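J.: I am sharing protein-v7.cif, which consists of mmCIF, C-alpha atoms:
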data_model
#
loop_
_atom_site.group_PDB
_atom_site.id
_atom_site.type_symbol
_atom_site.label_atom_id
_atom_site.label_comp_id
_atom_site.auth_asym_id
_atom_site.auth_seq_id
_atom_site.Cartn_x
_atom_site.Cartn_y
_atom_site.Cartn_z
ATOM 1 C CA GLN A 1 11.548 -1.000 -14.957
ATOM 2 C CA VAL A 2 10.694 -0.894 -11.256
ATOM 3 C CA GLN A 3 10.789 -3.775 -8.801
ATOM 4 C CA LEU A 4 8.714 -3.391 -5.667
ATOM 5 C CA VAL A 5 9.166 -5.368 -2.456
ATOM 6 C CA GLU A 6 6.597 -5.138 0.317
ATOM 7 C CA SER A 7 7.221 -5.950 3.954
ATOM 8 C CA GLY A 8 5.642 -5.443 7.343
ATOM 9 C CA GLY A 9 2.601 -7.665 7.101
ATOM 10 C CA GLY A 10 1.603 -10.144 9.770
ATOM 11 C CA LEU A 11 -0.983 -11.176 12.323
ATOM 12 C CA VAL A 12 -2.399 -8.479 14.586
ATOM 13 C CA GLN A 13 -5.319 -8.274 16.978
ATOM 14 C CA PRO A 14 -8.297 -6.021 16.270
ATOM 15 C CA GLY A 15 -7.472 -2.465 17.274
ATOM 16 C CA GLY A 16 -3.781 -2.997 16.667
ATOM 17 C CA SER A 17 -1.387 -1.326 14.259
ATOM 18 C CA LEU A 18 0.988 -2.314 11.491
ATOM 19 C CA ARG A 19 3.249 -0.372 9.156
ATOM 20 C CA LEU A 20 3.783 -1.692 5.675
ATOM 21 C CA SER A 21 6.804 -0.708 3.618
ATOM 22 C CA CYS A 22 7.320 -0.859 -0.124
ATOM 23 C CA ALA A 23 10.908 -0.578 -1.296
ATOM 24 C CA ALA A 24 11.463 0.301 -4.947
ATOM 25 C CA SER A 25 14.490 -0.769 -6.975
ATOM 26 C CA ARG A 26 15.020 2.713 -8.372
ATOM 27 C CA SER A 27 14.096 6.290 -7.710
ATOM 28 C CA ILE A 28 10.390 6.890 -7.241
ATOM 29 C CA GLY A 29 10.713 10.647 -7.424
ATOM 30 C CA SER A 30 9.529 10.676 -11.035
ATOM 31 C CA VAL A 31 6.791 8.071 -10.599
ATOM 32 C CA SER A 32 3.379 9.613 -11.154
ATOM 33 C CA ALA A 33 1.855 7.962 -8.103
ATOM 34 C CA MET A 34 2.447 5.167 -5.622
ATOM 35 C CA GLY A 35 -0.379 3.218 -4.112
ATOM 36 C CA TRP A 36 -1.435 0.414 -1.837
ATOM 37 C CA TYR A 37 -4.125 -2.008 -2.901
ATOM 38 C CA ARG A 38 -5.568 -5.013 -1.141
ATOM 39 C CA GLN A 39 -7.288 -8.203 -2.143
ATOM 40 C CA ALA A 40 -9.270 -10.445 0.176
ATOM 41 C CA PRO A 41 -10.049 -14.068 -0.762
ATOM 42 C CA GLY A 42 -12.727 -14.221 -3.432
ATOM 43 C CA LYS A 43 -12.782 -10.463 -3.899
ATOM 44 C CA GLN A 44 -11.312 -8.035 -6.409
ATOM 45 C CA ARG A 45 -8.209 -5.978 -5.782
ATOM 46 C CA ASP A 46 -9.198 -2.540 -4.495
ATOM 47 C CA LEU A 47 -7.380 0.712 -3.908
ATOM 48 C CA VAL A 48 -6.566 1.421 -0.266
ATOM 49 C CA ALA A 49 -4.465 4.574 -0.515
ATOM 50 C CA ARG A 50 -2.565 6.518 -3.127
ATOM 51 C CA ILE A 51 0.014 9.299 -3.056
ATOM 52 C CA THR A 52 1.022 11.370 -6.078
ATOM 53 C CA ARG A 53 4.435 12.730 -6.972
ATOM 54 C CA GLY A 54 3.276 16.057 -5.566
ATOM 55 C CA GLY A 55 2.241 14.508 -2.274
ATOM 56 C CA ASN A 56 -1.521 14.539 -2.759
ATOM 57 C CA THR A 57 -3.233 11.584 -1.142
ATOM 58 C CA ASN A 58 -6.534 9.794 -1.421
ATOM 59 C CA TYR A 59 -7.988 6.921 0.568
ATOM 60 C CA ALA A 60 -10.727 4.361 0.365
ATOM 61 C CA ASP A 61 -13.655 5.430 2.527
ATOM 62 C CA SER A 62 -13.271 2.316 4.647
ATOM 63 C CA VAL A 63 -9.778 3.323 5.833
ATOM 64 C CA LYS A 64 -10.052 7.108 6.114
ATOM 65 C CA GLY A 65 -8.912 8.304 9.506
ATOM 66 C CA ARG A 66 -7.187 4.996 10.265
ATOM 67 C CA PHE A 67 -4.557 4.562 7.533
ATOM 68 C CA THR A 68 -1.877 6.978 6.400
ATOM 69 C CA ILE A 69 0.223 6.689 3.260
ATOM 70 C CA SER A 70 3.573 8.433 3.000
ATOM 71 C CA ARG A 71 6.642 8.347 0.799
ATOM 72 C CA ASP A 72 10.358 8.889 1.356
ATOM 73 C CA ASN A 73 11.868 9.659 -2.034
ATOM 74 C CA ALA A 74 15.401 9.585 -0.618
ATOM 75 C CA LYS A 75 14.873 5.959 0.440
ATOM 76 C CA ASN A 76 12.728 5.018 -2.576
ATOM 77 C CA THR A 77 10.148 3.741 -0.114
ATOM 78 C CA VAL A 78 6.420 4.126 0.402
ATOM 79 C CA TYR A 79 4.746 3.365 3.711
ATOM 80 C CA LEU A 80 1.257 2.527 4.855
ATOM 81 C CA GLN A 81 0.622 3.133 8.546
ATOM 82 C CA MET A 82 -2.444 1.180 9.581
ATOM 83 C CA ASN A 83 -4.082 1.898 12.927
ATOM 84 C CA SER A 84 -7.274 0.662 14.586
ATOM 85 C CA LEU A 85 -7.194 -2.438 12.437
ATOM 86 C CA LYS A 86 -10.388 -4.410 11.944
ATOM 87 C CA PRO A 87 -10.973 -8.026 10.882
ATOM 88 C CA GLU A 88 -12.310 -6.733 7.563
ATOM 89 C CA ASP A 89 -8.875 -5.268 6.830
ATOM 90 C CA THR A 90 -7.580 -8.806 6.426
ATOM 91 C CA ALA A 91 -6.168 -9.183 2.912
ATOM 92 C CA VAL A 92 -3.032 -9.384 0.833
ATOM 93 C CA TYR A 93 -1.696 -5.860 0.432
ATOM 94 C CA TYR A 94 0.052 -4.914 -2.800
ATOM 95 C CA CYS A 95 2.245 -1.960 -3.614
ATOM 96 C CA ASN A 96 1.755 -0.251 -6.965
ATOM 97 C CA ALA A 97 3.837 2.182 -9.000
ATOM 98 C CA ASP A 98 1.974 4.166 -11.625
ATOM 99 C CA THR A 99 4.378 5.215 -14.402
ATOM 100 C CA PRO A 100 3.617 6.726 -17.823
ATOM 101 C CA LEU A 101 4.474 3.452 -19.567
ATOM 102 C CA ARG A 102 2.832 0.887 -17.271
ATOM 103 C CA ASP A 103 1.904 -0.092 -13.760
ATOM 104 C CA TYR A 104 4.248 -2.143 -11.586
ATOM 105 C CA TRP A 105 3.206 -4.419 -8.720
ATOM 106 C CA GLY A 106 4.908 -6.009 -5.767
ATOM 107 C CA GLN A 107 4.415 -9.614 -4.719
ATOM 108 C CA GLY A 108 2.121 -8.687 -1.843
ATOM 109 C CA THR A 109 2.234 -9.042 1.921
ATOM 110 C CA GLN A 110 -0.409 -10.748 4.027
ATOM 111 C CA VAL A 111 -2.200 -8.802 6.752
ATOM 112 C CA THR A 112 -4.422 -10.797 9.092
ATOM 113 C CA VAL A 113 -6.501 -9.113 11.772
ATOM 114 C CA SER A 114 -7.825 -11.642 14.227
ATOM 115 C CA SER A 115 -8.108 -12.313 17.919
#
Starting from the coordinates I provided, produce the structure as structure tokens.
T.:
Amino acid sequence: QVQLVESGGGLVQPGGSLRLSCAASRSIGSVSAMGWYRQAPGKQRDLVARITRGGNTNYADSVKGRFTISRDNAKNTVYLQMNSLKPEDTAVYYCNADTPLRDYWGQGTQVTVSS
């Protein structure tokens, strides 16, 4: 079992930056992939960024060039660096761990982009 705790969300002005962190309760070195998803009010939860055990990454088209996902296996932590934030990035951001048995989710962290 894996427990995930997100942090780093908050209120930021358009054009600003935030870095989200996702701390796992155990080693993530063997996890197939770690990802960040987001869900805006009234909308479905969508993939933002994903990083595999081998370090391969993929991003939603809407965040390419602005967001960067990374992982520190020694710290059991995954990060999402978000730059040039836009109001449409406003959502609850969830961390996900993709394991062979099941997916695990964090409780989410709110990101609000507003002037």
J.: Find, counting all atoms listed in the file, the residue in A:Ser84, A:Thr109, A:Ser114, A:Gln1 that gets nearest to Ala24 of chain A.
T.: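 Among A:Ser84, A:Thr109, A:Ser114, A:Gln1, it is A:Gln1 that comes nearest to Ala24 of chain A.
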J.: Near Trp36 of chain A, within 8 Å and counting all atoms listed in the file, which residues show up once chain neighbours fewer than 2 positions away are dropped, as a list in words?
T.: Met34, Arg38, Leu47, Val48, Ala49, Arg50, Leu80, Tyr93, Tyr94, Cys95 and Asn96 of chain A
J.: Can you turn the PyMOL selection byres ((chain A and resi 27) around 7) into a concrete residue list for this file, as number ranges by chain?
T.: A: 26, 28-29, 73, 76
J.: With only C-alpha atoms as the atoms that count, which of A:Ala40, A:Ala33, A:Val113, A:Ala97 lies nearest to Leu85 of chain A?
T.: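 With only C-alpha atoms as the atom set, the closest residue is A:Val113.
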J.: Would you mind reading off the distance between atom CA of Pro100 of chain A and atom CA of Val2 of chain A, one decimal, in Å?
T.: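 Atom CA of Val2 of chain A lies at a distance of 12.3 Å from atom CA of Pro100 of chain A.
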J.: Excluding Gly108 of chain A and its own-chain neighbours fewer than 2 positions away, which residues fall within 10 Å of it when counting only C-alpha atoms? Please give them as a PDB file with C-alpha atoms, keeping the file's coordinate frame.
T.:
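Result went into result.pdb, see below:
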ATOM      1  CA  LEU A   4       8.714  -3.391  -5.667  1.00  0.00           C
ATOM      2  CA  VAL A   5       9.166  -5.368  -2.456  1.00  0.00           C
ATOM      3  CA  GLU A   6       6.597  -5.138   0.317  1.00  0.00           C
ATOM      4  CA  SER A   7       7.221  -5.950   3.954  1.00  0.00           C
ATOM      5  CA  GLY A   9       2.601  -7.665   7.101  1.00  0.00           C
ATOM      6  CA  CYS A  22       7.320  -0.859  -0.124  1.00  0.00           C
ATOM      7  CA  TRP A  36      -1.435   0.414  -1.837  1.00  0.00           C
ATOM      8  CA  TYR A  37      -4.125  -2.008  -2.901  1.00  0.00           C
ATOM      9  CA  ARG A  38      -5.568  -5.013  -1.141  1.00  0.00           C
ATOM     10  CA  GLN A  39      -7.288  -8.203  -2.143  1.00  0.00           C
ATOM     11  CA  ALA A  91      -6.168  -9.183   2.912  1.00  0.00           C
ATOM     12  CA  VAL A  92      -3.032  -9.384   0.833  1.00  0.00           C
ATOM     13  CA  TYR A  93      -1.696  -5.860   0.432  1.00  0.00           C
ATOM     14  CA  TYR A  94       0.052  -4.914  -2.800  1.00  0.00           C
ATOM     15  CA  CYS A  95       2.245  -1.960  -3.614  1.00  0.00           C
ATOM     16  CA  ASN A  96       1.755  -0.251  -6.965  1.00  0.00           C
ATOM     17  CA  TRP A 105       3.206  -4.419  -8.720  1.00  0.00           C
ATOM     18  CA  GLY A 106       4.908  -6.009  -5.767  1.00  0.00           C
ATOM     19  CA  GLN A 110      -0.409 -10.748   4.027  1.00  0.00           C
ATOM     20  CA  VAL A 111      -2.200  -8.802   6.752  1.00  0.00           C
TER      21      VAL A 111
END
J.: Of the candidates A:Gln107, A:Ser21, A:Ser62, A:Ser115, which one gets nearest to Asp89 of chain A if we count all atoms listed in the file?
T.: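 Answer, going by the shortest atom-to-atom distance: A:Ser62.
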J.: Select, from A:Asn83, A:Thr99, A:Thr90, A:Thr112, the residue with the minimum atom-to-atom distance to Arg19 of chain A, counting only C-alpha atoms.
T.: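 Checking each of A:Asn83, A:Thr99, A:Thr90, A:Thr112 against Arg19 of chain A, counting only C-alpha atoms, the winner is A:Asn83.
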J.: Go ahead and compute the interatomic distance for atom CA of Thr77 of chain A and atom CA of Ser25 of chain A, in Å to one decimal.
T.: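 Answer for the atom CA of Thr77 of chain A to atom CA of Ser25 of chain A separation: 9.3 Å.
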J.: From the options A:Leu20, A:Val31, A:Glu88, A:Thr52, which residue's atoms come nearest to Thr68 of chain A, counting only C-alpha atoms?
T.: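 Comparing A:Leu20, A:Val31, A:Glu88, A:Thr52 against Thr68 of chain A, the winner is A:Leu20.
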J.: Around (-6.9, -2.7, 17.6) in the file's frame, which residues reach within 8 Å when counting all atoms listed in the file? Return as a list of chain:residue names?
T.: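 Every polymer residue passing the test: A:Val12, A:Gln13, A:Pro14, A:Gly15, A:Gly16, A:Ser17, A:Asn83, A:Ser84, A:Leu85, A:Lys86.
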